[in-house]
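**Student:** Below you'll find the structure I mean.
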Amino acid sequence: MRTRNILWPTDFSHTASHALRYAIEMANLYQVGIRILHVVDQPLGNENYMILSVTPDELAKSMEEAAASQMHELLGLLNTKLKIETVIRRGDVITEILAEANSGDIGMVVIASHGRSGISHFLNENVAEAITNKAECPVLVVK
């Protein structure tokens, strides 16, 4: 862990931004880089039945461009000398985060917990919980 990057998956939420502070602190402690990952869901649909004149691929591309813009904005706010990489992937959030976390060059994942409770917790898969259970490296979940 002491020689590998820290992965910070983000959805650009306030909770995720809170977790970034922990990722930076851990990266400074171990003198490693941070890899920022945002996953864009692959829109599903059949162009033959869509009311909009946009295909799922065009919509995903637009979502990726918006994420890249948000990532650029975020990088402008960071005041650090750490090595920072950014990655935008398309697909299932849990699958893509795990692929990155288990790629071999990640020493720790620092991820935000959205803290769902009650019925929402049972109806929606908890991303942080899934990453914690399936990642091959340590995972820090930040509330």
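In the structure tokens, chains take the letters A, B, ... in the order shown, each chain's residues start at 1, and ligands count up from 1 in the order shown.
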Would you list the contacts of Gly104 in chain A as a PyMOL selection string, taking every protein, DNA or RNA residue within 12 Å and counting only C-alpha atoms, but skipping same-chain residues closer than 6 positions in sequence?

**Tutor:** chain A and resi 1+3-7+98+135-137

**Student:** Report as a PyMOL selection string: the residues of range 58-127 of chain A with a DSSP assignment of helix (DSSP H, G or I), based on the backbone of this structure.

**Tutor:** chain A and resi 58-77+93-101+118-123+127

**Student:** For range 38-42 of chain A, work out the shell of residues within 9 Å, counting only C-alpha atoms and skipping chain neighbours fewer than 4 positions away, then give it as a compact mmCIF listing (two decimals) with N, CA and C atoms, in the first residue's frame.

**Tutor:**
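Result file follows (around.txt):
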# COMPACT_ATOMS: atom_id res chain seq x y z
N TRP A 8 -9.70 7.41 -5.47
CA TRP A 8 -10.83 8.15 -4.93
C TRP A 8 -11.93 8.18 -5.98
N PRO A 9 -12.92 7.27 -5.87
CA PRO A 9 -14.06 7.32 -6.79
C PRO A 9 -14.97 8.47 -6.39
N THR A 10 -15.48 9.19 -7.37
CA THR A 10 -16.34 10.33 -7.06
C THR A 10 -17.56 10.39 -7.96
N ASP A 11 -18.63 10.86 -7.38
CA ASP A 11 -19.83 11.20 -8.16
C ASP A 11 -20.04 12.71 -8.12
N PHE A 12 -19.02 13.43 -7.65
CA PHE A 12 -19.00 14.89 -7.53
C PHE A 12 -19.99 15.41 -6.49
N PRO A 56 -28.45 6.29 -27.07
CA PRO A 56 -27.78 6.05 -25.79
C PRO A 56 -26.28 6.37 -25.84
N ASP A 57 -25.62 6.09 -26.95
CA ASP A 57 -24.19 6.41 -27.08
C ASP A 57 -23.95 7.91 -27.06
N LEU A 59 -25.88 10.13 -25.65
CA LEU A 59 -26.17 10.57 -24.30
C LEU A 59 -24.99 10.27 -23.38
N ALA A 60 -24.42 9.07 -23.49
CA ALA A 60 -23.26 8.70 -22.67
C ALA A 60 -22.08 9.61 -22.96
N MET A 63 -22.61 12.81 -21.25
CA MET A 63 -22.39 12.64 -19.82
C MET A 63 -20.89 12.60 -19.51
N GLU A 64 -20.11 11.96 -20.38
CA GLU A 64 -18.66 11.90 -20.20
C GLU A 64 -18.04 13.29 -20.33
N ALA A 67 -18.77 15.17 -17.20
CA ALA A 67 -17.91 14.68 -16.12
C ALA A 67 -16.49 15.21 -16.28
N ALA A 68 -15.99 15.26 -17.51
CA ALA A 68 -14.65 15.78 -17.76
C ALA A 68 -14.57 17.26 -17.36
N MET A 71 -14.47 17.36 -13.63
CA MET A 71 -13.16 16.90 -13.19
C MET A 71 -12.14 18.03 -13.35
N THR A 86 -6.62 11.37 -13.53
CA THR A 86 -8.08 11.33 -13.62
C THR A 86 -8.49 10.27 -14.64
N VAL A 87 -9.56 9.56 -14.30
CA VAL A 87 -10.08 8.51 -15.17
C VAL A 87 -11.59 8.65 -15.22
N ILE A 88 -12.14 8.61 -16.42
CA ILE A 88 -13.59 8.58 -16.59
C ILE A 88 -13.90 7.29 -17.35
N ARG A 89 -14.72 6.46 -16.75
CA ARG A 89 -15.12 5.19 -17.37
C ARG A 89 -16.62 5.17 -17.58
N ARG A 90 -17.03 4.31 -18.50
CA ARG A 90 -18.45 4.14 -18.79
C ARG A 90 -18.83 2.71 -18.42
N GLY A 91 -19.92 2.57 -17.67
CA GLY A 91 -20.39 1.23 -17.30
C GLY A 91 -21.03 1.21 -15.93
N ASP A 92 -21.09 0.02 -15.35
CA ASP A 92 -21.65 -0.17 -14.02
C ASP A 92 -20.68 0.37 -12.98
N VAL A 93 -21.15 1.19 -12.08
CA VAL A 93 -20.30 1.88 -11.11
C VAL A 93 -19.46 0.89 -10.29
N ILE A 94 -20.10 -0.10 -9.71
CA ILE A 94 -19.38 -1.05 -8.85
C ILE A 94 -18.35 -1.84 -9.66
N GLU A 96 -16.81 -1.04 -12.43
CA GLU A 96 -15.69 -0.20 -12.88
C GLU A 96 -14.78 0.22 -11.73
N ILE A 97 -15.36 0.53 -10.57
CA ILE A 97 -14.52 0.88 -9.42
C ILE A 97 -13.69 -0.32 -9.00

**Student:** Might you pull out every residue within 10 Å of Glu129 in chain A, with only C-alpha atoms counted and same-chain residues fewer than 5 positions away left off, and present them as a ChimeraX atom specification?

**Tutor:** /A:94,111,113,134,139,141

**Student:** Among range 4-143 of chain A, which ones does DSSP assign to strand (DSSP E) (computed from the backbone)? Answer as number ranges by chain.

**Tutor:** A: 5-9, 34-40, 84-90, 106-112, 139-142

**Student:** Find the residues near range 73-85 of chain A: any atom within 8 Å, counting only C-alpha atoms, skip ones fewer than 4 places away on the same chain, and give them as a ChimeraX atom specification.

**Tutor:** /A:27-28,31-36,69

**Student:** Just write the chosen residues, all heavy atoms, as a compact mmCIF listing (two decimals), in the first residue's frame.

**Tutor:**
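See out.txt below for the written result:
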# COMPACT_ATOMS: atom_id res chain seq x y z
N ALA A 27 -2.59 10.17 0.99
CA ALA A 27 -1.57 10.26 -0.06
C ALA A 27 -0.36 11.04 0.42
O ALA A 27 0.78 10.67 0.14
CB ALA A 27 -2.17 10.91 -1.31
N ASN A 28 -0.60 12.11 1.17
CA ASN A 28 0.52 12.88 1.74
C ASN A 28 1.29 12.04 2.75
O ASN A 28 2.52 12.08 2.79
CB ASN A 28 0.02 14.17 2.40
CG ASN A 28 -0.22 15.27 1.39
OD1 ASN A 28 0.51 15.44 0.44
ND2 ASN A 28 -1.30 16.02 1.60
N GLN A 31 3.13 9.49 0.69
CA GLN A 31 3.84 10.07 -0.46
C GLN A 31 3.57 9.28 -1.75
O GLN A 31 4.48 8.85 -2.45
CB GLN A 31 5.34 10.15 -0.18
CG GLN A 31 5.71 11.18 0.88
CD GLN A 31 5.27 12.59 0.48
OE1 GLN A 31 5.73 13.12 -0.51
NE2 GLN A 31 4.37 13.18 1.25
N VAL A 32 2.28 9.10 -2.03
CA VAL A 32 1.83 8.42 -3.24
C VAL A 32 0.87 9.33 -3.99
O VAL A 32 0.46 10.37 -3.48
CB VAL A 32 1.15 7.06 -2.92
CG1 VAL A 32 2.14 6.10 -2.28
CG2 VAL A 32 -0.07 7.24 -2.01
N GLY A 33 0.49 8.93 -5.18
CA GLY A 33 -0.44 9.71 -5.99
C GLY A 33 -1.89 9.35 -5.72
O GLY A 33 -2.19 8.38 -5.02
N ILE A 34 -2.76 10.16 -6.29
CA ILE A 34 -4.20 9.92 -6.19
C ILE A 34 -4.74 9.71 -7.60
O ILE A 34 -4.44 10.47 -8.51
CB ILE A 34 -4.93 11.12 -5.55
CG1 ILE A 34 -4.46 11.30 -4.10
CG2 ILE A 34 -6.44 10.92 -5.60
CD1 ILE A 34 -5.07 12.51 -3.42
N ARG A 35 -5.55 8.69 -7.75
CA ARG A 35 -6.26 8.47 -9.01
C ARG A 35 -7.73 8.77 -8.74
O ARG A 35 -8.36 8.14 -7.91
CB ARG A 35 -6.10 7.03 -9.49
CG ARG A 35 -6.78 6.80 -10.83
CD ARG A 35 -6.44 5.47 -11.44
NE ARG A 35 -5.00 5.36 -11.58
CZ ARG A 35 -4.36 4.19 -11.66
NH1 ARG A 35 -5.02 3.06 -11.60
NH2 ARG A 35 -3.05 4.15 -11.78
N ILE A 36 -8.25 9.76 -9.46
CA ILE A 36 -9.64 10.15 -9.32
C ILE A 36 -10.44 9.44 -10.41
O ILE A 36 -10.11 9.54 -11.59
CB ILE A 36 -9.80 11.68 -9.46
CG1 ILE A 36 -8.96 12.40 -8.40
CG2 ILE A 36 -11.26 12.08 -9.35
CD1 ILE A 36 -8.91 13.91 -8.59
N SER A 69 -15.63 18.00 -17.62
CA SER A 69 -15.69 19.40 -17.25
C SER A 69 -15.67 19.54 -15.72
O SER A 69 -14.94 20.38 -15.17
CB SER A 69 -16.95 20.04 -17.83
OG SER A 69 -17.08 21.36 -17.38

**Student:** Considering only C-alpha atoms, can you say which of A:His72, A:Lys143, A:Arg2, A:Lys61 comes closest to Arg21 in chain A?

**Tutor:**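 When distances to Arg21 in chain A are compared using only C-alpha atoms, the smallest one comes from A:Lys143.
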
**Student:** Could you jot down the CA of Val110 in chain A to CA of Leu140 in chain A separation for me, Å, one decimal place?

**Tutor:**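 Distance reported for this atom pair: 4.8 Å.
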
**Student:** Tell me which of A:Glu58, A:Ala16, A:Ser103, A:Gln70 sits closest to Ala128 in chain A, counting only C-alpha atoms.

**Tutor:** A:Ala16
